[in-house]
Amino acid sequence: MLAPTRIRIVVRGAVQGVGFRPFVYRLATELGLTGWVSNSTQGVIIEADGQESLLQEFLLRVNRDHPPHASIHGLEYCFLDNAGFNSFEIRHSLTKGAKRTLVLPDIATCPDCLREILDPSNRRYLYPFSNCTNCGPRFTIVESLPYDRANTTMRHFTMCARCQAEYENPLDRRFHAQPNACPDCGPHLALWNAQGESIAGHRESVSPTIDALKDGRIVAVKGLGGFHLLVDAANEEAVVRLRRLKHREEKPLALMAPSMEYVRDMCVVSALEERALLAPEAPIVILTRSARPGVAPSVAPNNPYLGVMLPYTPLHHILLREMHSPIVATSGNRSDEPIAIDAHDALRQLNGIADLFLVHDRPIKRHADDSIVRIILGREQVLRRARGYAPAPIHVPHQIPVTLAVGGHLKNTVALAIDDNICVSQHIGDLETKEAFDAFRGVIDDFQHLYETSPQFIVTDLHPEYASTGYADRLAETRAVPVERIQHHWAHLVSCMTENRIDGPALGAVWDGTGYGLDGTIWGGEFLLAGARGFERVAHFRTFTLPGGEAAIKKVKTAAAGLLYEVFGAQSFSEAESPLVRQMLEKEIRCPRTSSVGRLFDAVASLIGIRDEVSFEGQAAMELEFRAAKGVEESYDYRIQDGAPLIVDWEPMIREILDDRPRVESAVISAKFHNTLAAIVVDIARRVNEARVVLTGGCFQNRYLTERIVRDLNAAGFSVYWHQRVPPNDGGLALGQVMAARGSVGAVYKHRNAMRCL
Ligand code: ZN
Ligand code: ZN
Ligand code: FE
């Protein structure tokens with residue numbers, strides 16, 4: 001990947017009037033980059049052209065070597081097409097567009113505050129609610145705008161004279177720090193037993209908490225955006241118990257490590273990964289585990305990666321320093337429910353799970369789970385956008401009327417477009433339970449209240465049975481505003497195109513588990529061509545039946561049965577086949593057809609003996625990915641049937657896999673399967689003959705697949721785009737829904753045109 005590219009960096013924080021722009025200018029000039037830097041209402045925006053490796057160095061140095069008086073509260077970057085700048089310049093401030101106050105994300109504890117809480121002579125020594133203008137809670141405490149103390153949950157606390165003096169002194173680091181507090185006037189800890197009886201208070205809550213953790217017990221801790229459940233990451237028994245009680249069988253658990261040194265002991269950490277770990281957003285970063293990570297096997301079974309974050313509040317710093325070892329820090333909820341934010345709710349919700357509750361009296365206004373990020377192909381990719389990022393907007397280059405998009409069904413997020421900003425909500429989750437649906441409604445109300453606006457348009461998925469769709473319909477009716485339905489995979493594609501700042505034409509490989517197609521079948525292995533008049537489904541995977549429909553997501557063996565039935569008919573039934581599945585297939589009862597690549601992954605995983613059932617969606621596919629042997633270049637055969645759309649026929653591949661199965665290692669079969677999918681994308685891209693290829697949908701959480709396809713498409717001369725700031729999974733849908741409905745280029749993305757294209 002030697003072609004020059006462009007990096008766009010948005011830096012929020014105390015970065016104006018501190019020599020930041022001249023610093024960026026000097027650095028860019030030193031590195032021989034072209035582009036510009038400018039102040040805007042969002043912060044400092046930088047765009048630079050150059051070789052990708054130089055741009056990475058530039059990013060790391062902007063982050064590390066900035067002027068001492070600057071403080072970065074948030075930094076997001078993405079790589080875009082090269083812009084062909086001639087020189088580097090400091091541009092006039094961008095003041096176009098209405099200046100609306102945006103809600104700020106939470107910021108991890110800054111080095112100054114950390115120093116204070118570790119200094120025995122400081123009045124905030126070991127005070128877990130220290131913060132300043134450069135760090136601390138924002139999104140999780142603000143009740144309404146403007147962001148003043150009276151409009152935050154800190155209004156319950158009256159500042160003492162010393163805090164008030166800091167707050168009023170323009171020369172103080174806490175000048176107008178809204179959540180400013182100290183041990184004399186601010187919130188405090190309390191430690192409760194499982195019955196909610198207080199057993200320790202204030203600073204005295206810490207050591208019994210640590211003792212309990214060391215003892216292998218489960219402690220629920222109220223943090224910034226909700227409760228965590230903590231256990232000692234080295235204690236296998238404790239981790240197993242947490243899993244059993246939380247009904248979280250195998251999904252990987254996140255870790256919090258006391259410091260970078262501990263992270264390096266457990267994982268291999270690149271410079272970009274280190275930047276992400278230490279960033280003010282402090283996300284969970286997915287890292288390759290080292291040979292002997294020293295964590296309990298049940299933290300992330302059968303998984304070559306570990307999700308690790310660093311402490312991001314003073315409370316976490318205090319706990320982790322006492323603990324002297326990594327802890328499991330997973331969301332404080334029962335499997336599919338939203339994260340608990342209120343101590344009394346937590347007591348009920350986590351009853352029977354947590355042995356102790358470390359709580360405090362600073363109310364959390366809204367939930368924000370930990371964000372998840374990884375570095376793929378030298379770029380950051382957000383897999384779950386929540387704490388630290390939400391609700392920082394995705395900026396688009398034109399004004400959009402106020403539009404609410406309600407997202408999909410799984411990994412739901414919603415989005416509110418205001419002016420030229422699209423504020424994507426924090427991760428809400430799968431809308432499977434009443435609690436999750438309530439949280440979804442809550443976020444929609446909350447966003448409208450916070451931004452004091454009401455949508456002129458509502459956008460939703462095409463699926464008639466999504467809870468989100470039903471809600472959108474009712475809301476639109478109440479408000480007497482139009483509701484627009486956007487096809488699922490089209491929304492994925494537009495989402496990825498939006499954040500990569502490309503308009504049509506582009507070919508999208510949109511692969512995921514499930515999405516309602518324009519023809520009423522389940523799509524999920526799509527090639528959509530985004531053109532000037534909407535999109536055309538230029539190719540898709542051959543469909544097969546999914547006995548039992550959605551239930552096949554958990555029982556991946558039935559996906560395999562459907563696939564085999566498609567190829568061999570009744571001959572495919574083995575002794576082991578359940579008579580029920582057999583009957584469903586033969587009589588075509590509850591047997592929707594699907595082109596889903598996600599389900600193809602499941603079926604292949606089951607065929608080669610990886611697993612027949614899963615405990616979370618995508619588990620079989622994930623394990624199939626992890627199984628893939630490195631260094632295998634072969635692939636399987638497939639056919640492309642001519643026509644409009646082209647049909648990708650996987651039958652030759654499945655037959656070869658069955659031939660391979662008795663004698664070839666599953667690791668090699670997996671690699672060949674992945675390689676075949678990569679070959680298919682290149683093949684279709686050649687046939688469609690569109691220079692730009694966009695990779696989106698949940699299947700592109702698969703690192704092996706994504707890296708392979710990008711490599712092969714680049715080698716074949718195509719430009720390739722993938723997700724960076726919003727997730728490739730359904731968490732990115734809402735952004736695409738807004739833009740598909742309200743896009744810039746005339747009628748480019750209009751849904752009605754899209755329908756006509758088919
Ligand atoms: Zn601070
Ligand atoms: Zn005070
Ligand atoms: Fe999807």
# chains A, B, ... in the order shown; residues from 1 in each chain; ligands from 1
>>> residues_near_ligand(ligand="ligand 2", cutoff="9 Å", atoms="only C-alpha atoms and all ligand atoms", output="count of residues only")
14
>>> residues_around(residues="stretch 359-373 of chain A", least_positions_apart="3", cutoff="9 Å", atoms="only C-alpha atoms", output="PDB file with C-alpha atoms, in the first residue's frame")
ATOM      1  CA  PHE A 129     -13.878  12.139  41.895  1.00  0.00           C
ATOM      2  CA  PHE A 139     -21.814  13.222  28.553  1.00  0.00           C
ATOM      3  CA  THR A 140     -22.648  10.961  31.472  1.00  0.00           C
ATOM      4  CA  ILE A 141     -23.544  13.826  33.840  1.00  0.00           C
ATOM      5  CA  VAL A 142     -25.039  16.547  31.654  1.00  0.00           C
ATOM      6  CA  GLU A 143     -28.804  16.934  32.032  1.00  0.00           C
ATOM      7  CA  THR A 152     -25.384  18.473  35.475  1.00  0.00           C
ATOM      8  CA  THR A 153     -25.902  15.819  38.127  1.00  0.00           C
ATOM      9  CA  MET A 154     -23.222  17.698  40.117  1.00  0.00           C
ATOM     10  CA  HIS A 156     -26.589  18.140  44.023  1.00  0.00           C
ATOM     11  CA  PHE A 157     -23.241  19.162  45.504  1.00  0.00           C
ATOM     12  CA  GLY A 186     -17.989  16.310  46.516  1.00  0.00           C
ATOM     13  CA  PRO A 187     -19.323  12.794  46.035  1.00  0.00           C
ATOM     14  CA  HIS A 188     -18.096   9.854  48.072  1.00  0.00           C
ATOM     15  CA  LEU A 189     -17.752   6.115  47.874  1.00  0.00           C
ATOM     16  CA  ALA A 190     -19.684   3.573  49.855  1.00  0.00           C
ATOM     17  CA  LEU A 191     -19.241  -0.167  49.959  1.00  0.00           C
ATOM     18  CA  TRP A 192     -22.412  -2.239  50.183  1.00  0.00           C
ATOM     19  CA  HIS A 202     -15.379   6.965  51.703  1.00  0.00           C
ATOM     20  CA  ALA A 220     -19.937  -4.426  41.105  1.00  0.00           C
ATOM     21  CA  VAL A 221     -18.345  -1.003  40.774  1.00  0.00           C
ATOM     22  CA  LYS A 222     -20.187   2.145  39.788  1.00  0.00           C
ATOM     23  CA  GLY A 223     -17.941   3.901  37.318  1.00  0.00           C
ATOM     24  CA  LEU A 224     -18.370   6.695  34.804  1.00  0.00           C
ATOM     25  CA  GLY A 225     -21.046   5.466  32.409  1.00  0.00           C
ATOM     26  CA  GLY A 226     -22.450   2.633  34.467  1.00  0.00           C
ATOM     27  CA  PHE A 227     -21.542  -0.371  36.546  1.00  0.00           C
ATOM     28  CA  ALA A 276      -5.365   4.357  21.501  1.00  0.00           C
ATOM     29  CA  GLU A 281     -11.260   8.256  25.016  1.00  0.00           C
ATOM     30  CA  ALA A 282      -9.560   5.323  26.800  1.00  0.00           C
ATOM     31  CA  PRO A 283     -11.340   2.594  24.851  1.00  0.00           C
ATOM     32  CA  ILE A 284     -10.948  -1.143  25.139  1.00  0.00           C
ATOM     33  CA  VAL A 285      -8.290  -1.960  22.546  1.00  0.00           C
ATOM     34  CA  ILE A 286      -8.272  -5.394  20.944  1.00  0.00           C
ATOM     35  CA  GLY A 307      -9.593  -6.612  24.924  1.00  0.00           C
ATOM     36  CA  MET A 309      -8.192  -0.833  28.619  1.00  0.00           C
ATOM     37  CA  THR A 330     -17.199  -6.286  32.149  1.00  0.00           C
ATOM     38  CA  SER A 331     -20.455  -4.361  31.855  1.00  0.00           C
ATOM     39  CA  PRO A 338     -28.511  -2.451  29.343  1.00  0.00           C
ATOM     40  CA  ILE A 339     -25.720  -1.572  31.752  1.00  0.00           C
ATOM     41  CA  ALA A 340     -26.941  -0.517  35.212  1.00  0.00           C
ATOM     42  CA  ILE A 341     -26.324   3.122  36.125  1.00  0.00           C
ATOM     43  CA  ASP A 342     -28.191   3.540  39.407  1.00  0.00           C
ATOM     44  CA  ALA A 343     -26.985   1.892  42.594  1.00  0.00           C
ATOM     45  CA  GLU A 380      -8.054   2.740  13.835  1.00  0.00           C
ATOM     46  CA  GLN A 381     -11.411   1.025  13.651  1.00  0.00           C
ATOM     47  CA  VAL A 382     -14.125   1.618  16.226  1.00  0.00           C
ATOM     48  CA  LEU A 383     -16.073  -1.592  16.817  1.00  0.00           C
ATOM     49  CA  ARG A 384     -18.286  -0.189  19.547  1.00  0.00           C
ATOM     50  CA  ARG A 385     -18.788   3.552  19.738  1.00  0.00           C
ATOM     51  CA  ALA A 386     -19.730   4.614  23.245  1.00  0.00           C
ATOM     52  CA  ARG A 387     -17.877   6.185  26.184  1.00  0.00           C
ATOM     53  CA  GLY A 388     -15.290   8.749  25.110  1.00  0.00           C
ATOM     54  CA  TYR A 389     -16.639   9.010  21.551  1.00  0.00           C
ATOM     55  CA  ALA A 390     -20.395   9.414  21.907  1.00  0.00           C
ATOM     56  CA  GLN A 426     -23.720   5.570  22.428  1.00  0.00           C
ATOM     57  CA  HIS A 427     -24.081   1.823  21.885  1.00  0.00           C
ATOM     58  CA  ILE A 428     -27.500   0.715  23.152  1.00  0.00           C
ATOM     59  CA  VAL A 443     -31.857   7.569  24.228  1.00  0.00           C
ATOM     60  CA  ASP A 446     -32.746  12.121  25.609  1.00  0.00           C
TER      61      ASP A 446
END
>>> residues_around(residues="A:Leu493", least_positions_apart="4", cutoff="7 Å", atoms="only C-alpha atoms", output="PyMOL selection string")
chain A and resi 489+497+508+510+696
>>> write_last_selection(atoms="all heavy atoms", output="PDB file, in the first residue's frame")
ATOM      1  N   HIS A 489     -28.710  -3.197   3.889  1.00  0.00           N
ATOM      2  CA  HIS A 489     -27.346  -3.252   3.343  1.00  0.00           C
ATOM      3  C   HIS A 489     -26.967  -1.973   2.626  1.00  0.00           C
ATOM      4  O   HIS A 489     -25.800  -1.602   2.564  1.00  0.00           O
ATOM      5  CB  HIS A 489     -27.196  -4.498   2.459  1.00  0.00           C
ATOM      6  CG  HIS A 489     -27.515  -5.738   3.228  1.00  0.00           C
ATOM      7  ND1 HIS A 489     -28.789  -6.281   3.246  1.00  0.00           N
ATOM      8  CD2 HIS A 489     -26.766  -6.477   4.076  1.00  0.00           C
ATOM      9  CE1 HIS A 489     -28.797  -7.323   4.054  1.00  0.00           C
ATOM     10  NE2 HIS A 489     -27.589  -7.467   4.572  1.00  0.00           N
ATOM     11  N   MET A 497     -19.410   4.704   3.069  1.00  0.00           N
ATOM     12  CA  MET A 497     -19.057   5.730   2.083  1.00  0.00           C
ATOM     13  C   MET A 497     -19.007   7.112   2.742  1.00  0.00           C
ATOM     14  O   MET A 497     -18.135   7.916   2.448  1.00  0.00           O
ATOM     15  CB  MET A 497     -20.069   5.728   0.935  1.00  0.00           C
ATOM     16  CG  MET A 497     -19.925   4.505   0.026  1.00  0.00           C
ATOM     17  SD  MET A 497     -21.285   4.339  -1.162  1.00  0.00           S
ATOM     18  CE  MET A 497     -21.024   5.773  -2.199  1.00  0.00           C
ATOM     19  N   GLY A 508     -20.070  -1.869  -3.356  1.00  0.00           N
ATOM     20  CA  GLY A 508     -20.026  -2.293  -1.960  1.00  0.00           C
ATOM     21  C   GLY A 508     -20.141  -3.791  -1.836  1.00  0.00           C
ATOM     22  O   GLY A 508     -21.059  -4.393  -2.389  1.00  0.00           O
ATOM     23  N   VAL A 510     -21.253  -5.989   0.808  1.00  0.00           N
ATOM     24  CA  VAL A 510     -21.956  -5.796   2.077  1.00  0.00           C
ATOM     25  C   VAL A 510     -22.355  -7.160   2.612  1.00  0.00           C
ATOM     26  O   VAL A 510     -23.304  -7.778   2.128  1.00  0.00           O
ATOM     27  CB  VAL A 510     -23.208  -4.906   1.894  1.00  0.00           C
ATOM     28  CG1 VAL A 510     -23.723  -4.465   3.252  1.00  0.00           C
ATOM     29  CG2 VAL A 510     -22.920  -3.707   1.012  1.00  0.00           C
ATOM     30  N   THR A 696     -18.183  -3.488   3.945  1.00  0.00           N
ATOM     31  CA  THR A 696     -18.990  -3.151   5.112  1.00  0.00           C
ATOM     32  C   THR A 696     -19.913  -4.296   5.495  1.00  0.00           C
ATOM     33  O   THR A 696     -20.096  -5.233   4.724  1.00  0.00           O
ATOM     34  CB  THR A 696     -19.781  -1.835   4.854  1.00  0.00           C
ATOM     35  OG1 THR A 696     -20.583  -1.535   6.010  1.00  0.00           O
ATOM     36  CG2 THR A 696     -20.679  -1.931   3.646  1.00  0.00           C
TER      37      THR A 696
END
>>> closest_atom_pairs(of="chain A", to="ligand 1", cutoff="7 Å", atoms="only C-alpha atoms and all ligand atoms", output="tab-separated table")
residue	atom	partner	partner_atom_place_in_ligand_line	distance
A:Thr109	CA	ligand 1	1 (Zn)	5.5
A:Cys110	CA	ligand 1	1 (Zn)	4.2
A:Pro111	CA	ligand 1	1 (Zn)	6.7
A:Asp112	CA	ligand 1	1 (Zn)	5.6
A:Cys113	CA	ligand 1	1 (Zn)	4.3
A:Asn131	CA	ligand 1	1 (Zn)	4.5
A:Cys132	CA	ligand 1	1 (Zn)	4.0
A:Thr133	CA	ligand 1	1 (Zn)	6.3
A:Asn134	CA	ligand 1	1 (Zn)	4.9
A:Cys135	CA	ligand 1	1 (Zn)	4.3
A:Gly136	CA	ligand 1	1 (Zn)	6.7
>>> closest_atom_pairs(of="chain A", to="ligand 3", cutoff="7 Å", atoms="only C-alpha atoms and all ligand atoms", output="Markdown table")
| residue | atom | partner | partner_atom_place_in_ligand_line | distance |
| --- | --- | --- | --- | --- |
| A:His488 | CA | ligand 3 | 1 (Fe) | 6.4 |
| A:His489 | CA | ligand 3 | 1 (Fe) | 6.5 |
| A:His492 | CA | ligand 3 | 1 (Fe) | 6.8 |
| A:Asp512 | CA | ligand 3 | 1 (Fe) | 5.1 |
| A:Gly513 | CA | ligand 3 | 1 (Fe) | 6.2 |
| A:Thr514 | CA | ligand 3 | 1 (Fe) | 5.9 |
| A:Gly515 | CA | ligand 3 | 1 (Fe) | 5.7 |
| A:Gly697 | CA | ligand 3 | 1 (Fe) | 5.3 |
| A:Gly698 | CA | ligand 3 | 1 (Fe) | 5.9 |
| A:Asn729 | CA | ligand 3 | 1 (Fe) | 5.7 |
| A:Asp730 | CA | ligand 3 | 1 (Fe) | 4.7 |
>>> write_last_selection(atoms="N, CA and C atoms", output="mmCIF file, in the first residue's frame")
data_model
loop_
_atom_site.group_PDB
_atom_site.id
_atom_site.type_symbol
_atom_site.label_atom_id
_atom_site.label_comp_id
_atom_site.auth_asym_id
_atom_site.auth_seq_id
_atom_site.Cartn_x
_atom_site.Cartn_y
_atom_site.Cartn_z
ATOM 1 N N HIS A 488 -31.418 -2.327 4.607
ATOM 2 C CA HIS A 488 -30.348 -2.587 5.571
ATOM 3 C C HIS A 488 -28.926 -2.488 4.976
ATOM 4 N N HIS A 489 -28.710 -3.197 3.889
ATOM 5 C CA HIS A 489 -27.346 -3.252 3.343
ATOM 6 C C HIS A 489 -26.967 -1.973 2.626
ATOM 7 N N HIS A 492 -25.731 0.145 5.395
ATOM 8 C CA HIS A 492 -24.331 -0.210 5.704
ATOM 9 C C HIS A 492 -23.383 0.456 4.709
ATOM 10 N N ASP A 512 -23.164 -9.536 5.963
ATOM 11 C CA ASP A 512 -23.460 -9.599 7.387
ATOM 12 C C ASP A 512 -24.311 -10.815 7.693
ATOM 13 N N GLY A 513 -24.943 -10.827 8.865
ATOM 14 C CA GLY A 513 -25.743 -11.975 9.264
ATOM 15 C C GLY A 513 -27.116 -11.950 8.633
ATOM 16 N N THR A 514 -27.812 -10.855 8.830
ATOM 17 C CA THR A 514 -29.205 -10.775 8.437
ATOM 18 C C THR A 514 -29.596 -9.347 8.124
ATOM 19 N N GLY A 515 -30.328 -9.185 7.046
ATOM 20 C CA GLY A 515 -30.929 -7.888 6.773
ATOM 21 C C GLY A 515 -32.086 -8.108 5.815
ATOM 22 N N GLY A 697 -20.462 -4.211 6.699
ATOM 23 C CA GLY A 697 -21.289 -5.294 7.246
ATOM 24 C C GLY A 697 -20.501 -6.044 8.312
ATOM 25 N N GLY A 698 -21.231 -6.712 9.192
ATOM 26 C CA GLY A 698 -20.625 -7.380 10.345
ATOM 27 C C GLY A 698 -19.522 -8.369 9.995
ATOM 28 N N ASN A 729 -20.392 -3.298 11.845
ATOM 29 C CA ASN A 729 -21.596 -4.043 12.216
ATOM 30 C C ASN A 729 -22.805 -3.099 12.292
ATOM 31 N N ASP A 730 -23.920 -3.586 12.824
ATOM 32 C CA ASP A 730 -25.145 -2.789 12.801
ATOM 33 C C ASP A 730 -25.065 -1.521 13.658
#
>>> residues_around(residues="A:Ala257", least_positions_apart="2", cutoff="8 Å", atoms="only C-alpha atoms", output="count of residues only")
13
